[in-house]
Amino acid sequence: MMSDILPLAVIGRRVEVSGECATVRFCGGVPPVAGLWLGVEWDNPERGKHDGSHEGTVYFKCRHPTGGSFVRPNKVNFGVDFVTALKKRYALEEEADEDGKACSLKVGCKQVQTVGFEHITKKQSQLRALKDISLSKCAVSCAGEKGGIAEACPNIRVVDLSKNLLSSWDEVILIADELRDLETLSLSENKLQFPLDSLTPPGTFSTLKILVLDKTGITWAEVLHCASGWPVLEELYLRSNSISISERPTDVLQMVRLLDLSSNPSIAENQLYLIAYLPRLEQLILSDVGLSSMHFPDAKTGCKTSMFPSLQYLIVNDNRISDWSFINELDKLQSLQALSCSRNPLTEGDKAETTRQIIIAKISQLKTLNRCQILPEERYGAELDYRKTFGNEWKAAGGHQDPDKNRPSAEFLAAHPRYQLLCRKYGAPEDEELEVPQPFMLKNQLLTLKIKYSNQLEQKELEKQLPDSMTVQKVKGLLSRLLKVPVSELLLSYESPKMPGREIELENDLQSLQFYSVENGDCLLVRW
């Protein structure tokens, strides 16, 4: 609301001017121009004209040299209280006619004329029944009259207050104190002050499970101070706050299952040790923080760390990860099942599929990678390929098929912590497997395969030479022509002499025989 009358304690207030948000840093005269001025620091520094000074006099300071402006008070919107915004957003604006019989309800952007105030009573009842509300971009700046929120909407469980004009955590407390069933609260992009001397009344956030504080300017010390009032909080989002983790949570955040610290470039690897013992932390999001390495010094190669004991899902997209040692360390996490590491130097380029297979082979418990499920057949193929790809390096480092002579160097074991385990699982690679391939020619890429028809005993077993790059779909097309059976009815799998008694399904038509680690002498099984 814009007015010539200024509210009390104007310095530090969040305001809106012509659709742009700012913080009031100064109130007073700016000679030689007469009248009252407000000095504001814009959220978007390109909107301003100066750094808070005029004709050599510094009236206020800005973080950016063009972040400040002087504006007249009547051009400034100081916002509205919670209930006013609620009624405006959720259609309770009444306008009685001259007879006092008619009123107008605003539903979204549409004016609906009604007759009689019974419609208003009905709308008020509907407001009280609301459980999920969004007041995003509604210029909410304060709680308003005490008791008003509890009266208007006592059953609210989810509130989106993002991109408003709230300027202090104390004001958030006043709002939450009237929402006794509040479970989810988003305060993103409210530039909040978090007074360290403010106290949260007992029970204010007693039911709060999800809290979003992205781009609020909160520090880690302020998080820990406020967190004593969030006893059952399960998800905490702190994106883009320039946070640096400065101390270990003690008796706070103990129920948190998800913590999002994305886009906080001040976070360094050694700071993560301070949150490594949150007992229930299952999902940690560290995207775009500049992370390049991770170490768990309490665990030796091949052992599990005591850090992050419950961590199941780690997201490290958009970082600087370029070394395989990062992936090796993740195998030490005792509960890790899912990993997202897209848009890192290690995973970019034309070898993305190969990189995926190596990550799968290196992390034993992984079930999902970059939001794609890892099927048993993919893990089987990835581990076999890994065992073969690094076989010559293993031999050169002292590896041997004879267990008594198998003594690979410490350097090799540090670079490939799971290699010995894979040799025990599948057997050490034989010399013929490790022969350097001849120059790329079709004849060097042909596989000689047996083809059996598992449920058609009258069909004779065949032997065919097929390129290892041939897709499952093309193999089915070939067999469809041979057998006069529609492609859609064919099911393919294969058996390997190296894995007696095990049958591997070829279920992805777009993948190649090489992808499934089909080798010379293997047997394709065909069913329809």
# chains A, B, ... in the order shown; residues from 1 in each chain; ligands from 1

call {"tool": "select_by_dssp", "arguments": {"residues": "range 327-428 of chain A", "states": "alpha helix (DSSP H)", "output": "PyMOL selection string"}}
result
chain A and resi 327-330+352-362+376-389+391-396+410-415+419-426

call {"tool": "residues_around", "arguments": {"residues": "Phe412 in chain A", "least_positions_apart": "5", "cutoff": "9 Å", "atoms": "only C-alpha atoms", "output": "list of chain:residue names"}}
result
A:Glu393, A:Trp394, A:Ala397, A:Pro417

call {"tool": "write_last_selection", "arguments": {"atoms": "N, CA, C and O atoms", "output": "CSV table (one decimal), in the first residue's frame"}}
result
chain,number,residue,atom,x,y,z
A,393,GLU,N,46.2,-53.2,-16.5
A,393,GLU,CA,46.7,-52.3,-15.5
A,393,GLU,C,46.9,-53.1,-14.2
A,393,GLU,O,47.9,-52.9,-13.5
A,394,TRP,N,46.0,-53.9,-13.9
A,394,TRP,CA,46.0,-54.8,-12.7
A,394,TRP,C,47.2,-55.7,-12.8
A,394,TRP,O,48.0,-55.9,-11.8
A,397,ALA,N,50.5,-54.0,-12.3
A,397,ALA,CA,50.7,-53.5,-10.9
A,397,ALA,C,51.0,-54.7,-10.0
A,397,ALA,O,51.1,-54.5,-8.8
A,417,PRO,N,39.6,-49.5,-5.8
A,417,PRO,CA,39.3,-50.2,-4.5
A,417,PRO,C,38.5,-51.4,-4.6
A,417,PRO,O,38.7,-52.4,-3.8

call {"tool": "select_by_dssp", "arguments": {"residues": "range 204-270 of chain A", "states": "strand (DSSP E)", "output": "MDAnalysis selection string"}}
result
chainID A and resid 210:212 235:237 258:260

call {"tool": "residues_around", "arguments": {"residues": "range 460-471 of chain A", "least_positions_apart": "5", "cutoff": "10 Å", "atoms": "only C-alpha atoms", "output": "PyMOL selection string"}}
result
chain A and resi 442-454+476-477+506+508-521+523-525

call {"tool": "residues_around", "arguments": {"residues": "Gly229 in chain A", "least_positions_apart": "5", "cutoff": "12 Å", "atoms": "only C-alpha atoms", "output": "list in words"}}
result
Ile173, Ala176, Asp177, Ser198, Leu199, Thr200, Pro201, Pro202, Gly203, Thr204, Phe205, Ser206, Thr207, Leu208, Lys209, Glu222, Val223, Leu224, Asp251, Val252 and Leu253 of chain A

call {"tool": "residues_around", "arguments": {"residues": "Lys425 in chain A", "least_positions_apart": "5", "cutoff": "12 Å", "atoms": "only C-alpha atoms", "output": "MDAnalysis selection string"}}
result
chainID A and resid 380 383:384 387 418:420 498:499

call {"tool": "closest_residue", "arguments": {"among": "A:Asp385, A:Glu458, A:Asp132, A:Asp331", "to": "Leu366 in chain A", "atoms": "only C-alpha atoms"}}
result
A:Asp331

call {"tool": "residues_around", "arguments": {"residues": "Glu16 in chain A", "least_positions_apart": "5", "cutoff": "7 Å", "atoms": "only C-alpha atoms", "output": "compact mmCIF listing (two decimals) with C-alpha atoms, in the first residue's frame"}}
result
# COMPACT_ATOMS: atom_id res chain seq x y z
CA CYS A 21 11.83 -5.13 -4.42
CA ALA A 22 14.24 -3.21 -2.20
CA VAL A 76 6.68 2.97 -2.13
CA ASN A 77 4.54 -0.06 -1.34
CA PHE A 78 5.17 -1.20 2.26

call {"tool": "atom_distance", "arguments": {"atom1": "CA of Thr354 in chain A", "atom2": "CA of Phe296 in chain A"}}
result
26.1 Å
